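Trainee: Data file upload08.txt (compact mmCIF, C-alpha atoms) is appended below.
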```txt
# COMPACT_ATOMS: atom_id res chain seq x y z
CA MET A 1 54.67 86.86 -25.55
CA ARG A 2 51.28 86.21 -27.05
CA ARG A 3 48.94 84.01 -25.07
CA LEU A 4 47.87 80.74 -26.69
CA LEU A 5 44.18 81.27 -27.29
CA ASN A 6 41.84 78.32 -27.20
CA THR A 7 39.71 77.00 -30.05
CA LEU A 8 36.13 75.90 -29.51
CA TYR A 9 35.05 72.90 -31.61
CA VAL A 10 31.32 72.28 -31.91
CA THR A 11 30.45 68.84 -33.22
CA THR A 12 26.98 68.35 -31.70
CA GLN A 13 24.47 68.35 -34.53
CA GLY A 14 21.73 70.94 -34.11
CA ALA A 15 23.77 73.08 -31.74
CA TYR A 16 23.19 76.83 -31.73
CA LEU A 17 25.87 79.33 -30.79
CA ALA A 18 24.60 82.50 -29.19
CA LYS A 19 26.24 85.54 -27.66
CA ASP A 20 25.63 85.60 -23.93
CA GLY A 21 27.16 88.75 -22.48
CA GLU A 22 30.76 88.71 -23.63
CA ALA A 23 30.74 84.94 -23.98
CA VAL A 24 29.64 82.34 -26.47
CA ALA A 25 26.96 79.94 -25.26
CA VAL A 26 26.60 76.58 -26.98
CA ARG A 27 22.94 75.61 -26.78
CA VAL A 28 21.49 72.25 -27.67
CA GLU A 29 17.70 72.04 -27.50
CA GLN A 30 17.44 75.23 -25.38
CA GLU A 31 19.93 73.89 -22.87
CA THR A 32 23.30 75.63 -22.50
CA ARG A 33 25.96 72.94 -22.76
CA LEU A 34 28.98 75.20 -22.50
CA ARG A 35 29.69 78.87 -22.01
CA VAL A 36 33.11 80.28 -22.92
CA PRO A 37 34.14 83.93 -22.51
CA LEU A 38 35.23 85.34 -25.86
CA HIS A 39 38.45 86.87 -24.53
CA GLY A 40 40.09 83.44 -24.18
CA LEU A 41 39.13 82.26 -27.65
CA GLY A 42 41.11 82.51 -30.87
CA GLY A 43 38.76 80.53 -33.07
CA VAL A 44 35.51 78.61 -33.35
CA VAL A 45 35.19 75.59 -35.64
CA CYS A 46 31.71 74.21 -36.36
CA PHE A 47 31.03 70.78 -37.85
CA GLY A 48 27.87 70.06 -39.82
CA LEU A 49 24.50 71.37 -38.66
CA VAL A 50 25.67 74.05 -36.27
CA SER A 51 24.34 77.57 -36.48
CA ALA A 52 25.44 80.83 -34.96
CA SER A 53 23.62 84.05 -34.19
CA PRO A 54 24.52 87.23 -36.12
CA PRO A 55 25.40 89.14 -32.91
CA LEU A 56 27.86 86.38 -32.02
CA LEU A 57 29.42 86.43 -35.49
CA ALA A 58 29.69 90.22 -35.24
CA ALA A 59 31.40 89.99 -31.84
CA CYS A 60 33.80 87.33 -33.17
CA ALA A 61 34.60 89.46 -36.21
CA GLU A 62 35.31 92.46 -34.01
CA GLN A 63 37.60 90.50 -31.68
CA ASP A 64 39.52 88.69 -34.44
CA ILE A 65 38.04 85.30 -33.60
CA GLY A 66 37.90 83.27 -36.82
CA VAL A 67 34.75 81.19 -37.20
CA SER A 68 34.96 78.29 -39.65
CA PHE A 69 32.16 76.06 -40.82
CA LEU A 70 33.11 72.57 -41.93
CA SER A 71 30.96 69.70 -43.15
CA GLU A 72 30.11 67.06 -40.56
CA HIS A 73 33.18 65.14 -41.66
CA GLY A 74 35.57 68.04 -41.75
CA ARG A 75 35.50 69.37 -45.30
CA PHE A 76 35.91 73.15 -45.32
CA LEU A 77 32.71 75.01 -46.25
CA ALA A 78 32.99 78.64 -45.22
CA SER A 79 34.51 80.96 -42.73
CA VAL A 80 33.38 84.23 -41.24
CA ARG A 81 35.97 86.95 -40.70
CA GLY A 82 35.73 90.58 -39.83
CA PRO A 83 36.84 93.46 -42.01
CA VAL A 84 40.39 92.82 -43.20
CA SER A 85 42.70 94.18 -40.55
CA GLY A 86 46.41 94.76 -40.43
CA ASN A 87 48.71 96.84 -42.50
CA VAL A 88 47.74 97.51 -46.09
CA LEU A 89 51.38 98.23 -46.97
CA LEU A 90 52.28 94.71 -45.90
CA ARG A 91 49.59 93.18 -48.09
CA ARG A 92 50.65 95.32 -51.06
CA GLU A 93 54.19 94.04 -50.63
CA GLN A 94 52.88 90.48 -50.46
CA TYR A 95 51.06 90.96 -53.80
CA ARG A 96 54.11 92.61 -55.37
CA ARG A 97 56.38 89.72 -54.35
CA ALA A 98 53.82 87.23 -55.58
CA ASP A 99 54.17 88.81 -59.03
CA GLN A 100 57.99 88.71 -59.08
CA PRO A 101 59.45 85.38 -60.30
CA GLU A 102 62.67 85.68 -58.24
CA ALA A 103 60.84 86.62 -55.06
CA ARG A 104 58.39 83.77 -55.62
CA ALA A 105 61.21 81.29 -56.21
CA LEU A 106 62.98 82.43 -53.04
CA LEU A 107 59.90 81.89 -50.90
CA CYS A 108 59.00 78.59 -52.62
CA GLY A 109 62.51 77.42 -51.75
CA CYS A 110 62.07 78.36 -48.08
CA PHE A 111 58.70 76.58 -47.77
CA VAL A 112 59.91 73.44 -49.55
CA GLN A 113 63.16 73.30 -47.60
CA GLY A 114 61.19 73.50 -44.37
CA LYS A 115 58.89 70.74 -45.56
CA ILE A 116 61.65 68.38 -46.67
CA ILE A 117 63.86 68.97 -43.63
CA ASN A 118 60.94 68.22 -41.31
CA ALA A 119 59.87 65.17 -43.34
CA ARG A 120 63.41 63.85 -43.11
CA THR A 121 63.46 64.46 -39.36
CA VAL A 122 60.22 62.48 -39.00
CA LEU A 123 61.79 59.54 -40.86
CA ARG A 124 65.07 59.73 -38.96
CA ARG A 125 63.27 59.96 -35.63
CA PHE A 126 61.38 56.80 -36.58
CA LEU A 127 64.65 55.04 -37.44
CA ARG A 128 66.15 56.07 -34.11
CA ASP A 129 63.17 54.66 -32.18
CA HIS A 130 62.37 51.65 -34.37
CA GLY A 131 65.59 50.86 -36.21
CA ASP A 132 64.76 47.14 -36.19
CA SER A 133 61.53 47.58 -38.18
CA ALA A 134 61.30 45.59 -41.43
CA ASP A 135 60.78 48.82 -43.37
CA ALA A 136 63.82 50.52 -41.86
CA PRO A 137 66.10 50.11 -44.93
CA ALA A 138 63.51 51.68 -47.26
CA ILE A 139 62.90 54.53 -44.81
CA ALA A 140 66.62 55.12 -44.37
CA SER A 141 67.13 55.33 -48.12
CA ALA A 142 64.19 57.74 -48.47
CA ALA A 143 65.71 59.91 -45.74
CA SER A 144 69.08 59.99 -47.44
CA SER A 145 67.53 60.81 -50.85
CA MET A 146 65.84 63.75 -49.14
CA ALA A 147 69.24 65.12 -48.21
CA ASP A 148 70.13 65.26 -51.92
CA MET A 149 66.81 66.92 -52.67
CA LEU A 150 67.63 69.64 -50.16
CA ASP A 151 70.84 70.40 -52.08
CA ARG A 152 68.86 70.52 -55.29
CA VAL A 153 66.31 72.94 -53.76
CA ALA A 154 69.17 75.16 -52.63
CA ARG A 155 70.56 75.25 -56.19
CA ALA A 156 67.17 75.57 -57.95
CA THR A 157 66.47 78.94 -59.51
CA THR A 158 62.88 78.68 -60.72
CA GLU A 159 59.70 77.87 -58.88
CA GLU A 160 58.91 75.07 -61.39
CA GLN A 161 62.12 73.25 -60.45
CA ILE A 162 61.28 73.65 -56.76
CA ARG A 163 57.73 72.40 -57.24
CA GLY A 164 59.12 69.38 -59.08
CA ILE A 165 61.48 68.53 -56.21
CA GLU A 166 58.67 69.04 -53.71
CA GLY A 167 56.54 66.55 -55.62
CA GLU A 168 59.36 64.01 -55.67
CA ALA A 169 59.95 64.41 -51.94
CA ALA A 170 56.24 64.02 -51.19
CA SER A 171 55.93 60.82 -53.23
CA LEU A 172 59.09 59.47 -51.62
CA TYR A 173 57.73 60.27 -48.15
CA PHE A 174 54.28 58.83 -48.76
CA GLY A 175 55.95 55.85 -50.45
CA VAL A 176 57.41 54.80 -47.09
CA PHE A 177 54.61 56.20 -44.89
CA ASP A 178 52.99 52.77 -44.45
CA GLY A 179 56.19 51.64 -42.74
CA LEU A 180 55.63 54.23 -39.99
CA ILE A 181 52.37 52.52 -38.99
CA LEU A 182 53.36 50.00 -36.36
CA THR A 183 50.27 48.39 -34.96
CA ARG A 184 47.11 46.88 -36.44
CA THR A 185 48.79 47.04 -39.79
CA ARG A 186 46.03 44.96 -41.28
CA ASP A 187 43.35 47.50 -40.26
CA PHE A 188 45.39 50.59 -40.91
CA THR A 189 47.38 50.44 -44.08
CA PHE A 190 48.56 53.22 -46.31
CA THR A 191 49.08 52.72 -50.02
CA THR A 192 48.75 56.16 -51.52
CA ARG A 193 47.43 59.56 -50.52
CA SER A 194 43.76 59.90 -51.48
CA ARG A 195 41.54 62.87 -50.81
CA ARG A 196 38.15 64.26 -51.81
CA PRO A 197 37.11 61.76 -50.66
CA PRO A 198 39.76 59.95 -48.61
CA LEU A 199 39.42 56.24 -49.38
CA ASP A 200 40.81 54.62 -46.23
CA PRO A 201 40.99 55.41 -42.49
CA VAL A 202 44.56 56.73 -42.55
CA ASN A 203 43.82 59.13 -45.40
CA CYS A 204 40.62 60.16 -43.66
CA LEU A 205 42.62 61.07 -40.52
CA LEU A 206 45.27 62.92 -42.51
CA SER A 207 42.68 64.99 -44.36
CA PHE A 208 40.83 65.77 -41.14
CA VAL A 209 43.91 66.94 -39.26
CA TYR A 210 45.12 68.96 -42.27
CA THR A 211 41.79 70.82 -42.23
CA LEU A 212 42.28 71.68 -38.55
CA LEU A 213 45.82 72.84 -39.27
CA ALA A 214 44.60 74.94 -42.21
CA HIS A 215 42.08 76.72 -39.97
CA ASP A 216 44.80 77.63 -37.47
CA VAL A 217 47.36 78.74 -40.08
CA ARG A 218 44.81 80.79 -41.96
CA SER A 219 43.72 82.60 -38.79
CA ALA A 220 47.33 83.30 -37.89
CA LEU A 221 48.04 84.84 -41.31
CA GLU A 222 44.97 87.02 -41.10
CA THR A 223 45.95 88.13 -37.61
CA VAL A 224 49.30 89.53 -38.76
CA GLY A 225 47.60 91.21 -41.72
CA LEU A 226 48.61 88.89 -44.58
CA ASP A 227 46.18 87.79 -47.27
CA PRO A 228 45.80 84.01 -46.88
CA GLN A 229 44.70 83.63 -50.50
CA VAL A 230 47.78 84.98 -52.26
CA GLY A 231 50.43 82.29 -52.07
CA PHE A 232 53.81 81.59 -53.59
CA LEU A 233 54.21 77.82 -53.83
CA HIS A 234 50.48 77.27 -54.36
CA ARG A 235 49.14 79.16 -57.35
CA ASP A 236 46.08 81.41 -57.13
CA ARG A 237 42.79 79.63 -57.43
CA PRO A 238 39.44 81.20 -56.48
CA GLY A 239 38.59 80.35 -52.90
CA ARG A 240 41.84 78.56 -52.16
CA PRO A 241 43.82 79.83 -49.16
CA SER A 242 47.10 79.42 -51.06
CA LEU A 243 49.35 81.23 -48.59
CA ALA A 244 47.89 79.17 -45.73
CA LEU A 245 48.69 76.02 -47.72
CA ASP A 246 52.24 77.32 -48.31
CA VAL A 247 52.90 77.92 -44.62
CA MET A 248 51.26 74.60 -43.72
CA GLU A 249 53.88 72.67 -45.67
CA GLU A 250 56.47 72.91 -42.92
CA PHE A 251 53.90 71.68 -40.35
CA ARG A 252 52.21 68.83 -42.19
CA HIS A 253 54.60 65.97 -41.53
CA TRP A 254 55.95 66.61 -38.08
CA LEU A 255 52.73 67.95 -36.56
CA ALA A 256 49.69 66.57 -38.42
CA ASP A 257 51.10 63.24 -39.67
CA ARG A 258 52.76 62.41 -36.38
CA LEU A 259 49.52 63.07 -34.51
CA VAL A 260 47.75 60.65 -36.87
CA LEU A 261 50.52 58.09 -36.43
CA SER A 262 50.45 58.32 -32.66
CA LEU A 263 46.64 57.95 -32.56
CA VAL A 264 46.92 54.83 -34.73
CA ASN A 265 50.07 53.37 -33.20
CA ARG A 266 48.83 53.80 -29.63
CA GLY A 267 45.61 52.03 -30.55
CA GLN A 268 43.49 55.06 -29.65
CA LEU A 269 41.39 54.50 -32.76
CA ASN A 270 39.76 51.30 -33.97
CA PRO A 271 38.51 50.22 -37.39
CA LYS A 272 34.96 50.73 -36.08
CA ASP A 273 35.68 54.43 -35.56
CA PHE A 274 35.38 54.86 -39.31
CA LYS A 275 32.32 54.74 -41.53
CA ARG A 276 31.96 54.51 -45.26
CA SER A 277 30.00 57.44 -46.64
CA GLY A 278 27.68 57.41 -49.64
CA SER A 279 30.34 58.70 -52.02
CA GLY A 280 32.68 55.79 -51.25
CA GLY A 281 34.87 57.90 -48.99
CA VAL A 282 35.77 57.03 -45.42
CA VAL A 283 34.64 59.35 -42.62
CA LEU A 284 35.20 59.51 -38.87
CA ALA A 285 32.43 58.43 -36.51
CA ASP A 286 31.21 61.10 -34.05
CA ASP A 287 33.00 59.92 -30.91
CA ALA A 288 36.25 59.32 -32.74
CA ARG A 289 36.09 62.81 -34.20
CA LYS A 290 35.93 64.21 -30.68
CA ASP A 291 38.90 62.07 -29.65
CA VAL A 292 40.94 63.44 -32.55
CA LEU A 293 39.97 67.04 -31.69
CA VAL A 294 40.97 66.56 -28.06
CA ALA A 295 44.29 65.00 -29.10
CA TRP A 296 44.91 67.89 -31.50
CA GLN A 297 44.19 70.53 -28.86
CA LYS A 298 46.41 68.75 -26.32
CA ARG A 299 49.23 68.49 -28.82
CA LYS A 300 49.02 72.23 -29.42
CA GLN A 301 49.65 72.89 -25.73
CA GLU A 302 52.94 70.96 -25.73
CA GLU A 303 55.99 73.19 -25.79
CA VAL A 304 58.78 73.10 -28.35
CA LEU A 305 61.92 75.12 -28.86
CA HIS A 306 61.74 77.49 -31.80
CA PRO A 307 65.28 77.14 -33.19
CA PHE A 308 65.28 80.45 -35.04
CA LEU A 309 63.96 82.56 -32.18
CA ASP A 310 65.60 80.33 -29.56
CA GLU A 311 62.50 80.47 -27.42
CA ARG A 312 60.24 77.79 -26.00
CA MET A 313 56.58 78.12 -26.95
CA PRO A 314 53.41 76.04 -27.18
CA ILE A 315 53.02 74.32 -30.55
CA GLY A 316 49.71 76.15 -30.98
CA LEU A 317 51.54 79.48 -31.20
CA LEU A 318 53.91 78.39 -33.96
CA ALA A 319 51.50 79.32 -36.74
CA HIS A 320 51.41 82.88 -35.38
CA THR A 321 55.17 82.99 -35.02
CA GLN A 322 55.70 81.81 -38.59
CA ALA A 323 53.13 84.29 -39.91
CA MET A 324 55.00 87.05 -38.07
CA LEU A 325 58.37 85.93 -39.47
CA LEU A 326 56.88 85.84 -42.98
CA ALA A 327 55.58 89.39 -42.49
CA ARG A 328 59.03 90.47 -41.32
CA HIS A 329 60.59 88.94 -44.42
CA LEU A 330 58.08 90.73 -46.67
CA ARG A 331 58.80 94.02 -44.88
CA GLY A 332 62.49 93.56 -45.68
CA GLU A 333 63.62 92.95 -42.10
CA LEU A 334 64.72 89.37 -42.83
CA ASP A 335 66.57 88.35 -46.00
CA ALA A 336 64.74 85.05 -46.22
CA TYR A 337 61.79 83.42 -44.53
CA PRO A 338 62.97 80.99 -41.84
CA PRO A 339 60.63 77.97 -41.79
CA PHE A 340 60.07 76.23 -38.46
CA LEU A 341 62.49 73.32 -38.24
CA TRP A 342 61.44 70.56 -35.89
CA LYS A 343 64.30 69.11 -33.87
CA MET B 1 46.69 84.74 -14.67
CA LEU B 2 43.87 83.08 -12.79
CA MET B 3 41.81 85.32 -10.52
CA LEU B 4 39.29 84.11 -7.99
CA ILE B 5 36.51 86.60 -7.30
CA THR B 6 34.03 86.35 -4.47
CA TYR B 7 31.45 88.87 -3.30
CA ASP B 8 28.78 89.70 -0.82
CA VAL B 9 26.14 92.03 -2.16
CA ASN B 10 23.42 93.23 0.15
CA THR B 11 20.12 92.44 -1.56
CA GLU B 12 17.69 93.95 0.96
CA ASP B 13 16.61 96.60 -1.52
CA ARG B 14 15.97 96.68 -5.27
CA GLU B 15 19.25 98.48 -6.05
CA GLY B 16 21.05 95.69 -4.23
CA LYS B 17 19.47 93.07 -6.45
CA THR B 18 20.47 95.08 -9.53
CA ARG B 19 24.05 95.35 -8.25
CA LEU B 20 24.15 91.61 -7.61
CA ARG B 21 23.02 90.85 -11.17
CA ARG B 22 25.54 93.31 -12.61
CA VAL B 23 28.45 91.93 -10.62
CA ALA B 24 27.59 88.36 -11.64
CA LYS B 25 27.24 89.37 -15.27
CA LEU B 26 30.61 91.14 -15.27
CA CYS B 27 32.32 88.09 -13.81
CA LEU B 28 30.62 85.87 -16.39
CA ASP B 29 31.95 88.07 -19.21
CA TYR B 30 35.48 87.21 -18.15
CA GLY B 31 35.23 83.78 -16.59
CA GLN B 32 32.92 81.20 -15.13
CA ARG B 33 30.85 80.65 -12.03
CA VAL B 34 32.39 77.85 -10.00
CA GLN B 35 30.08 78.14 -6.98
CA LEU B 36 27.37 80.58 -5.89
CA SER B 37 29.04 84.02 -5.73
CA VAL B 38 32.43 82.48 -6.58
CA PHE B 39 33.98 83.05 -10.00
CA GLU B 40 37.24 82.07 -11.66
CA CYS B 41 38.56 84.31 -14.43
CA GLU B 42 41.61 83.63 -16.60
CA VAL B 43 42.69 87.14 -17.62
CA ASP B 44 45.78 89.02 -18.68
CA PRO B 45 46.85 92.05 -16.59
CA GLY B 46 45.11 94.50 -18.93
CA GLN B 47 41.84 92.61 -18.86
CA TRP B 48 42.11 92.31 -15.12
CA GLU B 49 42.45 96.09 -14.67
CA THR B 50 39.32 96.59 -16.79
CA LEU B 51 37.33 93.94 -14.94
CA ARG B 52 38.49 95.14 -11.53
CA HIS B 53 37.58 98.72 -12.33
CA LYS B 54 34.12 97.71 -13.55
CA LEU B 55 33.48 95.57 -10.46
CA VAL B 56 34.66 98.20 -8.01
CA SER B 57 32.50 100.87 -9.58
CA THR B 58 29.43 98.59 -9.57
CA ILE B 59 29.23 97.73 -5.88
CA ALA B 60 28.20 100.02 -3.02
CA PRO B 61 31.26 99.90 -0.73
CA GLU B 62 29.25 100.78 2.39
CA LYS B 63 26.94 97.77 1.92
CA ASP B 64 28.78 95.19 -0.27
CA SER B 65 32.20 93.63 -0.43
CA LEU B 66 34.45 92.08 -3.04
CA ARG B 67 37.43 89.79 -2.53
CA PHE B 68 40.04 89.09 -5.20
CA TYR B 69 42.48 86.17 -4.93
CA ARG B 70 45.40 86.18 -7.30
CA LEU B 71 46.20 82.57 -8.16
CA GLY B 72 48.89 83.56 -10.66
CA ARG B 73 49.98 82.22 -14.01
CA ASP B 74 49.77 78.57 -13.09
CA GLY B 75 46.61 79.16 -11.08
CA LYS B 76 44.85 76.04 -12.30
CA ARG B 77 47.38 73.86 -10.47
CA ARG B 78 46.56 75.48 -7.15
CA VAL B 79 42.91 74.49 -7.29
CA GLU B 80 41.35 71.20 -6.28
CA HIS B 81 37.71 70.40 -6.82
CA VAL B 82 35.79 67.77 -4.85
CA GLY B 83 32.17 66.85 -5.42
CA ILE B 84 29.50 67.82 -7.91
CA LYS B 85 29.47 70.45 -10.64
CA GLU B 86 33.12 70.35 -11.59
CA PRO B 87 33.63 73.42 -13.78
CA VAL B 88 34.91 73.15 -17.35
CA ASP B 89 38.62 73.72 -17.89
CA LEU B 90 38.38 76.67 -20.29
CA GLU B 91 42.10 76.37 -21.13
CA GLY B 92 41.82 72.69 -22.04
CA PRO B 93 40.35 71.17 -25.20
CA LEU B 94 36.86 72.60 -25.83
CA VAL B 95 34.86 70.08 -27.82
CA VAL B 96 31.07 70.03 -27.59
```
Since I need it in another form, could you write the structure as structure tokens?
Mentor:
Amino acid sequence: MRRLLNTLYVTTQGAYLAKDGEAVAVRVEQETRLRVPLHGLGGVVCFGLVSASPPLLAACAEQDIGVSFLSEHGRFLASVRGPVSGNVLLRREQYRRADQPEARALLCGCFVQGKIINARTVLRRFLRDHGDSADAPAIASAASSMADMLDRVARATTEEQIRGIEGEAASLYFGVFDGLILTRTRDFTFTTRSRRPPLDPVNCLLSFVYTLLAHDVRSALETVGLDPQVGFLHRDRPGRPSLALDVMEEFRHWLADRLVLSLVNRGQLNPKDFKRSGSGGVVLADDARKDVLVAWQKRKQEEVLHPFLDERMPIGLLAHTQAMLLARHLRGELDAYPPFLWK
Amino acid sequence: MLMLITYDVNTEDREGKTRLRRVAKLCLDYGQRVQLSVFECEVDPGQWETLRHKLVSTIAPEKDSLRFYRLGRDGKRRVEHVGIKEPVDLEGPLVV
């Protein structure tokens, strides 16, 4: 099985990444803070004023190490990838399916089913652990409505119908999301999803973790030779990694949202870990950002059972596994794409 | 798997010093220096064959020596560090 490769996150402003032998050296004011051999790395994510030498970028491109540049607060800016690798026949098939309404609808259905099933599991898990919460009745009714939505997705024939149900499920889920926040409810409240910019700490955390997830999913798709920009559920838009957003749907709630909830509910973040930026948005303070990155990396090392493959694997490898299963579906080896279902 | 590599390179002559630099550089390409002349490298079997071959062909066997310790897949657990200069866990979260 594939080894879980590590991701290097550079948040120190003014840092310079250089190639030192077959390793990346993170230098801050001429001093090497960290040196990591390239062979153990799967990605490098840079926040804000971080620069990298061309020889390093070339070495990363050659070894399939995705380098992403984000703004200081985690908005995606650019990424550096090597020449497109993988099988051109696979990509051609991806484009062909993306042009066929039935094939699109089939894949939209798979992504949305995965998303709703996992959202429902998140809610039901909450009810199991905190059944006495004041919001439990609302959460229970949201969870049971999601069961109906799953039937409707299974019967839907067009992608528009599926998108509609996905929207309903998302608003239902975020409608009860505030109930999942247990502690410090006065500091951390959730009313509605806001982004670009996120307007409160919880939305700020969600957006930040979604960006990290998007980096990982995008890299995984590129590694198996799929084009991350040509999606099925998300329509084409210049610069948008639509396929990465499609595959992310099944991960958002159980992986990203639950990480945010556990950081908040365990009191690992305080209101003073957030700052208001000039544009009225809320951003993470430097130390808190590091805490979130560490929590994210640790979560990726936890093992889960992949129900379709019946194999235990670190969470960090799931994006690769799902990209591989999607490629197998496009090659005709699997009748449908099996989303990852969290148990 | 985690490999521990130690070496003695005779540096009485100029070639010896070159060999010492080369051996250290090779180890650094695959892992990190944990003490003087002691390196830990997390490698897969293929990478290990490459690294081993490069190391063996760099030293002069009549003057230098290399020692390889195989710590295995869960090698990290078999290591305890006491005192200064605790090395970075390259498998753990890397946030600078």
Trainee: Could you list, as a VMD selection string, every residue of chain A that has an atom within 10 Å of an atom of chain B, counting only C-alpha atoms?
Mentor: chain A and resid 3 to 13 15 20 to 24 26 to 28 33 to 41 44 to 46 289 to 291 293 to 301
Trainee: Quick one: write out the picked residues with C-alpha atoms as a CSV table (one decimal), in the frame of the given file?
Mentor:
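Saved to selection-v3.csv:
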```csv
chain,number,residue,atom,x,y,z
A,3,ARG,CA,48.9,84.0,-25.1
A,4,LEU,CA,47.9,80.7,-26.7
A,5,LEU,CA,44.2,81.3,-27.3
A,6,ASN,CA,41.8,78.3,-27.2
A,7,THR,CA,39.7,77.0,-30.0
A,8,LEU,CA,36.1,75.9,-29.5
A,9,TYR,CA,35.0,72.9,-31.6
A,10,VAL,CA,31.3,72.3,-31.9
A,11,THR,CA,30.4,68.8,-33.2
A,12,THR,CA,27.0,68.4,-31.7
A,13,GLN,CA,24.5,68.4,-34.5
A,15,ALA,CA,23.8,73.1,-31.7
A,20,ASP,CA,25.6,85.6,-23.9
A,21,GLY,CA,27.2,88.8,-22.5
A,22,GLU,CA,30.8,88.7,-23.6
A,23,ALA,CA,30.7,84.9,-24.0
A,24,VAL,CA,29.6,82.3,-26.5
A,26,VAL,CA,26.6,76.6,-27.0
A,27,ARG,CA,22.9,75.6,-26.8
A,28,VAL,CA,21.5,72.2,-27.7
A,33,ARG,CA,26.0,72.9,-22.8
A,34,LEU,CA,29.0,75.2,-22.5
A,35,ARG,CA,29.7,78.9,-22.0
A,36,VAL,CA,33.1,80.3,-22.9
A,37,PRO,CA,34.1,83.9,-22.5
A,38,LEU,CA,35.2,85.3,-25.9
A,39,HIS,CA,38.4,86.9,-24.5
A,40,GLY,CA,40.1,83.4,-24.2
A,41,LEU,CA,39.1,82.3,-27.6
A,44,VAL,CA,35.5,78.6,-33.4
A,45,VAL,CA,35.2,75.6,-35.6
A,46,CYS,CA,31.7,74.2,-36.4
A,289,ARG,CA,36.1,62.8,-34.2
A,290,LYS,CA,35.9,64.2,-30.7
A,291,ASP,CA,38.9,62.1,-29.6
A,293,LEU,CA,40.0,67.0,-31.7
A,294,VAL,CA,41.0,66.6,-28.1
A,295,ALA,CA,44.3,65.0,-29.1
A,296,TRP,CA,44.9,67.9,-31.5
A,297,GLN,CA,44.2,70.5,-28.9
A,298,LYS,CA,46.4,68.8,-26.3
A,299,ARG,CA,49.2,68.5,-28.8
A,300,LYS,CA,49.0,72.2,-29.4
A,301,GLN,CA,49.6,72.9,-25.7
```
Trainee: Report as a list in words all protein, DNA and RNA residues lying within 7 Å of segment 100-112 of chain A, evaluated on all atoms listed in the file, omitting residues in the same chain fewer than 5 positions from it.
Mentor: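 Those residues are Val153, Thr157, Thr158, Glu159, Ile162, Glu166, Phe232, Leu233, Asp246, Val247, Glu249, Glu250, Tyr337, Pro338 and Pro339 of chain A.
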Trainee: So what do you get for atom CA of Arg125 of chain A versus atom CA of Leu309 of chain A, distance-wise?
Mentor: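 Atom CA of Arg125 of chain A sits 22.9 Å away from atom CA of Leu309 of chain A.
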Trainee: Hey, what's within 12 Å of Val9 of chain B if we count all atoms listed in the file and toss same-chain stuff fewer than 4 positions away? As a count of residues only, please?
Mentor: 24
Trainee: Would you kindly identify which residues have an atom no farther than 12 Å from (32.4, 78.3, -6.7), using all atoms listed in the file and the file's own coordinates, and write them out as a list of chain:residue names?
Mentor: B:Leu4, B:Ile5, B:Thr6, B:Tyr7, B:Gly31, B:Gln32, B:Arg33, B:Val34, B:Gln35, B:Leu36, B:Ser37, B:Val38, B:Phe39, B:Glu40, B:Cys41, B:Val79, B:Glu80, B:His81, B:Val82, B:Gly83, B:Ile84, B:Lys85, B:Glu86, B:Pro87
Trainee: By how many Å are atom CA of Gly179 of chain A and atom CA of Asp135 of chain A apart?
Mentor: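 So the answer is 5.4 Å.
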Trainee: Counting only C-alpha atoms, which residue out of B:Arg73, B:Arg78, B:Leu2, B:Asp8 sits closest to Trp48 of chain B?
Mentor: B:Leu2
Trainee: Have a look at atom CA of Arg77 of chain B and atom CA of Pro45 of chain B and let me know their distance in Å, one decimal.
Mentor: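 Computing the Euclidean distance for atom CA of Arg77 of chain B and atom CA of Pro45 of chain B yields 19.2 Å.
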Trainee: Let me make sure I understand: among A:Ala98, A:Val176, A:Ile65, A:Ala256, which one has the smallest atom-to-atom distance to Thr223 of chain A if we use all atoms listed in the file?
Mentor: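 With all atoms listed in the file as the atom set, the closest residue is A:Ile65.
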Trainee: Here is a test: counting only C-alpha atoms, which residue of A:Leu70, A:Ala136, A:Leu226, A:Val122 is nearest to Asn87 of chain A?
Mentor: A:Leu226
